[in-house]
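Peer 1: The structure under discussion is supplied below as structure tokens; questions concerning it will follow.
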Amino acid sequence: MKKRILFITLIEFIVATVYYYVALPPINISSPEFWKFIILLLAILTVLITFANFSFDFKTIFAQRRIKNYSKGMIFCIGSILLIIAGMGIINFIVSPLFNAKSYSNRIKIDETGDFTKDIEQVNFNSLPLLDRDSSEKLGDRVMGQMKDLVSQFDVSDEYTQINYNNDILRVTPLEYAGGIKWFTNRKDGIKAYITVNSVDGEAKLIRLDKGMKYMPSAHFNEKLIRKLRFSYPTVIFGDANFEIDNDGKPFWIIPTIKYTGVGLKTKITGVIIFDPITGNSKKYSIDKIPTWVDNAFDADLIIEQVDNWGTYKKGFFNSIFGQKEVVNTTEGYNYLAMNDDIYMYTGITSVLADESNLGFILTNMRTGSTVFYSVPGAEEYSAMSSAEGQVQQMKYTSTFPLLINLNNKPTYLVSLKDAAGLVKMYGFVDVADYQKVVVTDASKGIEVAASNYLNNNQSEVNEDTLTKKEIIVKEINSVVISGNTHYFIIDENNNKYKASINISDKLPFIKKESNITIGYYESNIEIKEIKKLY
């Protein structure tokens with residue numbers, strides 16, 4: 001009997017050790033992975049006890065199994081498994097939205113007093129992340145392909161984390177070992193490079209490191225990133241790791257720490273672990289103590305889940321199913337904005353009936369989690385994308401998910417139109433309030449020309465509140481006929497350049513050198529400003 005108990009204990013210990021080393025569940029009762037671990041051990045223990053209660057009669061040709069008795073231990077194990085499953089079900093039912101709708105609605109605090117024109121600065125095209133993830137990946141892969149000493153040993157990770165690096169908008173991604181053998185042959189030096197792609201101008205660089213990164217997702221045994229973390233923090237529940245660089249260009253992994261309600265419900269980010277992949281050192285931070293260079297403490301999908309709960313359960317659980325009064329949800333898809341040295345995620349808010357219009361949008365700081373709702377009624381993102389694609393339907397270009405920008409104090413969607421090879425061919429500007437107002441421009445002319453074309457498309461719709469009013473002295477003035485229309489080009493006393501269509505005023509032909517005039521134009525980074533009004 002003692003031998004059987006010793007044998008069962010040994011097998012159970014081996015299985016537990018191997019499973020823990022491979023699966024790395026947190027020792028935390030609110031984690032589903034922990035209870036999977038316990039249930040697995042109980043199930044294996046049940047099997048071992050069952051076989052321990054079999055005896056074999058070798059006097060016959062075939063071994064005959066004859067049960068001596070039912071083990072109390074086996075009944076205990078089966079009962080424990082059923083009790084754990086039932087217990088998790090009951091607990092999660094009690095803490096479900098059925099009984100806690102208000103708590104789910106309050107998972108995220110949303111400031112509903114946002115003012116778009118005050119909070120969102122006028123777009124600066126020199127710091128606008130025009131490149132999406134797919135384009136960044138193509139550029140990063142191209143850089144890697146040029147590095148003959150690395151390409152046979154390493155792959156490019158698919159991380160491509162969006163960050164604000166010293167006011168440059170980048171996507172950054174590490175290299176990874178190209179398989180187990182490549183890890184074994186290179187593990188001594190580690191991975192000595194990562195890739196950055198500038199989201200504004202598309203410049204891709206491979207940054208080499210003096211010391212290699214050893215603790216990576218593609219490493220093995222104790223150098224595997226998640227294993228190193230688990231052994232350092234056995235009870236902590238981890239979110240998805242994000243690769244970032246600090247203000248000095250040093251690489252780090254940013255791992256959100258998670259707290260659940262019940263078992264695996266109502267995920268909440270409590271802070272981050274900043275992990276140095278070169279040394280293996282790490283430090284845990286609460287949300288309010290996270291260094292400002294970190295850009296991604298929160299996960300976009302989690303933010304969307306929390307916002308959906310906020311919009312669904314405001315008026316209670318049953319209202320979310322039957323009456324659906326004031327029930328709203330996020331639209332499909334999201335994008336990022338870079339402001340004030342931080343990265344913000346935005347997505348639209350629409351009726352639960354999922355029509356083709358938005359009630360507004362939310363903006364979330366991905367470092368702090370602070371979220372603001374802006375009431376800006378208009379077209380939802382996919383309607384705007386379809387509208388832009390419709391302008392060049394013969395080309396069969398596809399639209400990227402829009403960037404939401406403040407263009408002359410009006411919320412505007414900016415999309416890139418790509419060909420089948422994924423190359424950006426055109427830029428499209430779409431009015432959020434009316435997605436039928438759309439202008440597309442060849443990308444080779446530049447984003448500022450595209451913006452100017454959009455602003456100048458509707459001469460009759462000049463909003464004087466958004467114009468910059470300025471008094472100038474005319475230094476030079478010349479007229480040119482373009483496409484049958486007369487345009488006047490003016491240089492003022494400070495050598496600033498302007499142009500104006502004859503359509504805006506009959507006074508233009510009578511303006512002479514040294515004339516003192518007052519003009520109105522849209523502020524932009526374009527060298528030649530378009531005069532929209534002559535006072």
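Here's how to read the names in the structure tokens: chain A, B, ... by the order shown, residue numbers from 1 in each chain, ligand numbers from 1 in the order shown.
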Among range 36-224 of chain A, which ones does DSSP assign to helix (DSSP H, G or I) (computed from the backbone)? Answer as a VMD selection string.
Peer 2: chain A and resid 36 to 52 72 to 94 97 to 105 116 to 119 125 to 127 133 to 145 148 to 151 180 to 186 221 to 223
Peer 1: As a list in words, please: the residues near Asn496 in chain A (cut-off 9 Å, only C-alpha atoms, same-chain neighbours under 2 positions excluded).
Peer 2: Ile490, Ile491, Asp492, Glu493, Asn494, Tyr498, Glu527, Ile528 and Lys529 of chain A
Peer 1: Each residue of range 64-110 of chain A with at least one atom at most 10 Å from range 254-268 of chain A should appear once, together with its nearest atom pair and the corresponding distance in Å (one decimal); atoms considered: only C-alpha atoms; ordering: chain, then increasing residue number; output as JSON lines.
Peer 2:
{"residue": "A:Gly87", "atom": "CA", "partner": "A:Val263", "partner_atom": "CA", "distance": 9.9}
{"residue": "A:Met88", "atom": "CA", "partner": "A:Val263", "partner_atom": "CA", "distance": 6.6}
{"residue": "A:Gly89", "atom": "CA", "partner": "A:Val263", "partner_atom": "CA", "distance": 8.8}
{"residue": "A:Ile90", "atom": "CA", "partner": "A:Gly262", "partner_atom": "CA", "distance": 9.6}
{"residue": "A:Ile91", "atom": "CA", "partner": "A:Gly262", "partner_atom": "CA", "distance": 6.1}
{"residue": "A:Asn92", "atom": "CA", "partner": "A:Gly262", "partner_atom": "CA", "distance": 5.5}
{"residue": "A:Phe93", "atom": "CA", "partner": "A:Gly262", "partner_atom": "CA", "distance": 9.0}
{"residue": "A:Ile94", "atom": "CA", "partner": "A:Gly262", "partner_atom": "CA", "distance": 8.6}
{"residue": "A:Val95", "atom": "CA", "partner": "A:Gly262", "partner_atom": "CA", "distance": 6.5}
{"residue": "A:Ser96", "atom": "CA", "partner": "A:Leu265", "partner_atom": "CA", "distance": 8.1}
{"residue": "A:Pro97", "atom": "CA", "partner": "A:Lys266", "partner_atom": "CA", "distance": 9.9}
{"residue": "A:Ser103", "atom": "CA", "partner": "A:Lys266", "partner_atom": "CA", "distance": 9.4}
{"residue": "A:Tyr104", "atom": "CA", "partner": "A:Lys266", "partner_atom": "CA", "distance": 7.4}
{"residue": "A:Arg107", "atom": "CA", "partner": "A:Lys266", "partner_atom": "CA", "distance": 7.5}
{"residue": "A:Ile108", "atom": "CA", "partner": "A:Lys268", "partner_atom": "CA", "distance": 9.2}
Peer 1: So which one's closest to Lys418 in chain A, A:Pro402, A:Pro509, A:Leu467, A:Met395? Using only C-alpha atoms, please.
Peer 2: A:Met395
Peer 1: For CA of Lys118 in chain A and CA of Asp308 in chain A, quote the distance in Å rounded to one decimal.
Peer 2: 25.8 Å
Peer 1: Do a neighbour search on Ala16 in chain A at 9 Å with only C-alpha atoms, toss out local chain neighbours closer than 5 positions, and write the hits as a PDB file with N, CA and C atoms, in the first residue's frame.
Peer 2:
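Produced file part_9.pdb, reproduced below:
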ATOM      1  N   ILE A  11       4.348  10.256  -9.427  1.00  0.00           N
ATOM      2  CA  ILE A  11       3.799  10.556 -10.747  1.00  0.00           C
ATOM      3  C   ILE A  11       3.085  11.902 -10.739  1.00  0.00           C
ATOM      4  N   TYR A  21       5.798  24.018 -15.613  1.00  0.00           N
ATOM      5  CA  TYR A  21       6.944  24.551 -16.342  1.00  0.00           C
ATOM      6  C   TYR A  21       6.559  24.911 -17.773  1.00  0.00           C
ATOM      7  N   PHE A  37      -5.282  23.970 -14.025  1.00  0.00           N
ATOM      8  CA  PHE A  37      -4.141  23.253 -13.468  1.00  0.00           C
ATOM      9  C   PHE A  37      -4.595  22.311 -12.358  1.00  0.00           C
ATOM     10  N   LEU A  40      -6.721  19.416 -13.751  1.00  0.00           N
ATOM     11  CA  LEU A  40      -5.874  18.438 -14.432  1.00  0.00           C
ATOM     12  C   LEU A  40      -5.201  17.516 -13.420  1.00  0.00           C
ATOM     13  N   LEU A  41      -4.660  18.087 -12.345  1.00  0.00           N
ATOM     14  CA  LEU A  41      -3.996  17.272 -11.331  1.00  0.00           C
ATOM     15  C   LEU A  41      -4.974  16.311 -10.661  1.00  0.00           C
TER      16      LEU A  41
END
Peer 1: Can you list, as a PyMOL selection string, every protein, DNA or RNA residue that comes within 12 Å of Ala451 in chain A when you count only C-alpha atoms, leaving out same-chain residues fewer than 4 positions away?
Peer 2: chain A and resi 123-125+405-408+412-415+426-431+438-443+445-447+455-457+522-526+529-530
Peer 1: Using only C-alpha atoms, which protein or nucleic acid residues come within 7 Å of Pro129 in chain A? Drop anything in the same chain fewer than 6 positions from it, and give the result as a ChimeraX atom specification.
Peer 2: /A:169,199-200
Peer 1: With only C-alpha atoms as the counted atoms, please give the residues lying no more than 7 Å from Met345 in chain A, apart from itself and same-chain residues fewer than 2 positions off, as a list in words.
Peer 2: Tyr334, Asn335, Tyr336, Leu337, Ile343, Thr347, Leu363, Thr364, Asn365 and Met366 of chain A
Peer 1: With all heavy atoms retained, could you export that selection as a tab-separated table (two decimals), in the first residue's frame?
Peer 2:
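Dumped everything to again.tsv:
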chain	number	residue	atom	x	y	z
A	334	TYR	N	-10.49	50.27	-34.86
A	334	TYR	CA	-9.97	51.40	-34.10
A	334	TYR	C	-8.66	51.85	-34.72
A	334	TYR	O	-8.08	51.16	-35.57
A	334	TYR	CB	-9.77	51.03	-32.63
A	334	TYR	CG	-8.86	49.84	-32.41
A	334	TYR	CD1	-7.48	50.00	-32.34
A	334	TYR	CD2	-9.38	48.56	-32.27
A	334	TYR	CE1	-6.64	48.91	-32.14
A	334	TYR	CE2	-8.55	47.47	-32.07
A	334	TYR	CZ	-7.19	47.65	-32.01
A	334	TYR	OH	-6.36	46.56	-31.82
A	335	ASN	N	-8.20	52.99	-34.30
A	335	ASN	CA	-6.93	53.50	-34.78
A	335	ASN	C	-6.27	54.28	-33.66
A	335	ASN	O	-6.83	54.42	-32.57
A	335	ASN	CB	-7.11	54.36	-36.03
A	335	ASN	CG	-5.93	54.22	-36.99
A	335	ASN	OD1	-4.79	54.02	-36.57
A	335	ASN	ND2	-6.20	54.34	-38.28
A	336	TYR	N	-5.08	54.81	-33.95
A	336	TYR	CA	-4.32	55.52	-32.92
A	336	TYR	C	-4.03	56.95	-33.34
A	336	TYR	O	-3.85	57.26	-34.53
A	336	TYR	CB	-3.00	54.80	-32.66
A	336	TYR	CG	-3.15	53.41	-32.09
A	336	TYR	CD1	-3.01	52.29	-32.91
A	336	TYR	CD2	-3.45	53.20	-30.75
A	336	TYR	CE1	-3.15	51.01	-32.39
A	336	TYR	CE2	-3.60	51.94	-30.22
A	336	TYR	CZ	-3.44	50.85	-31.05
A	336	TYR	OH	-3.59	49.58	-30.54
A	337	LEU	N	-3.96	57.82	-32.35
A	337	LEU	CA	-3.50	59.19	-32.53
A	337	LEU	C	-2.33	59.43	-31.59
A	337	LEU	O	-2.25	58.83	-30.52
A	337	LEU	CB	-4.61	60.19	-32.20
A	337	LEU	CG	-5.87	60.19	-33.08
A	337	LEU	CD1	-6.89	61.16	-32.52
A	337	LEU	CD2	-5.52	60.56	-34.51
A	343	ILE	N	0.22	58.00	-26.74
A	343	ILE	CA	-0.56	57.35	-27.80
A	343	ILE	C	-2.00	57.22	-27.31
A	343	ILE	O	-2.25	56.75	-26.19
A	343	ILE	CB	0.02	55.97	-28.15
A	343	ILE	CG1	1.42	56.12	-28.75
A	343	ILE	CG2	-0.90	55.23	-29.12
A	343	ILE	CD1	1.46	56.84	-30.08
A	347	THR	N	-12.15	55.10	-31.23
A	347	THR	CA	-13.11	54.32	-32.01
A	347	THR	C	-14.46	55.00	-31.88
A	347	THR	O	-14.71	55.75	-30.93
A	347	THR	CB	-13.19	52.86	-31.51
A	347	THR	OG1	-14.01	52.09	-32.40
A	347	THR	CG2	-13.78	52.78	-30.11
A	363	LEU	N	-11.83	58.61	-26.92
A	363	LEU	CA	-10.38	58.75	-27.04
A	363	LEU	C	-9.77	58.28	-25.73
A	363	LEU	O	-10.12	58.80	-24.66
A	363	LEU	CB	-10.03	60.21	-27.30
A	363	LEU	CG	-8.72	60.53	-28.04
A	363	LEU	CD1	-8.73	59.92	-29.42
A	363	LEU	CD2	-8.54	62.04	-28.14
A	364	THR	N	-8.89	57.29	-25.79
A	364	THR	CA	-8.31	56.70	-24.58
A	364	THR	C	-6.79	56.82	-24.58
A	364	THR	O	-6.13	56.43	-25.55
A	364	THR	CB	-8.67	55.21	-24.46
A	364	THR	OG1	-10.09	55.07	-24.39
A	364	THR	CG2	-8.04	54.58	-23.23
A	365	ASN	N	-6.25	57.36	-23.51
A	365	ASN	CA	-4.80	57.41	-23.32
A	365	ASN	C	-4.33	56.00	-22.98
A	365	ASN	O	-4.73	55.43	-21.96
A	365	ASN	CB	-4.46	58.39	-22.19
A	365	ASN	CG	-2.97	58.59	-22.01
A	365	ASN	OD1	-2.21	57.63	-21.93
A	365	ASN	ND2	-2.56	59.84	-21.92
A	366	MET	N	-3.46	55.42	-23.82
A	366	MET	CA	-3.08	54.02	-23.66
A	366	MET	C	-2.08	53.80	-22.53
A	366	MET	O	-1.77	52.65	-22.21
A	366	MET	CB	-2.52	53.48	-24.98
A	366	MET	CG	-3.51	53.53	-26.13
A	366	MET	SD	-5.04	52.62	-25.77
A	366	MET	CE	-4.46	50.95	-25.96
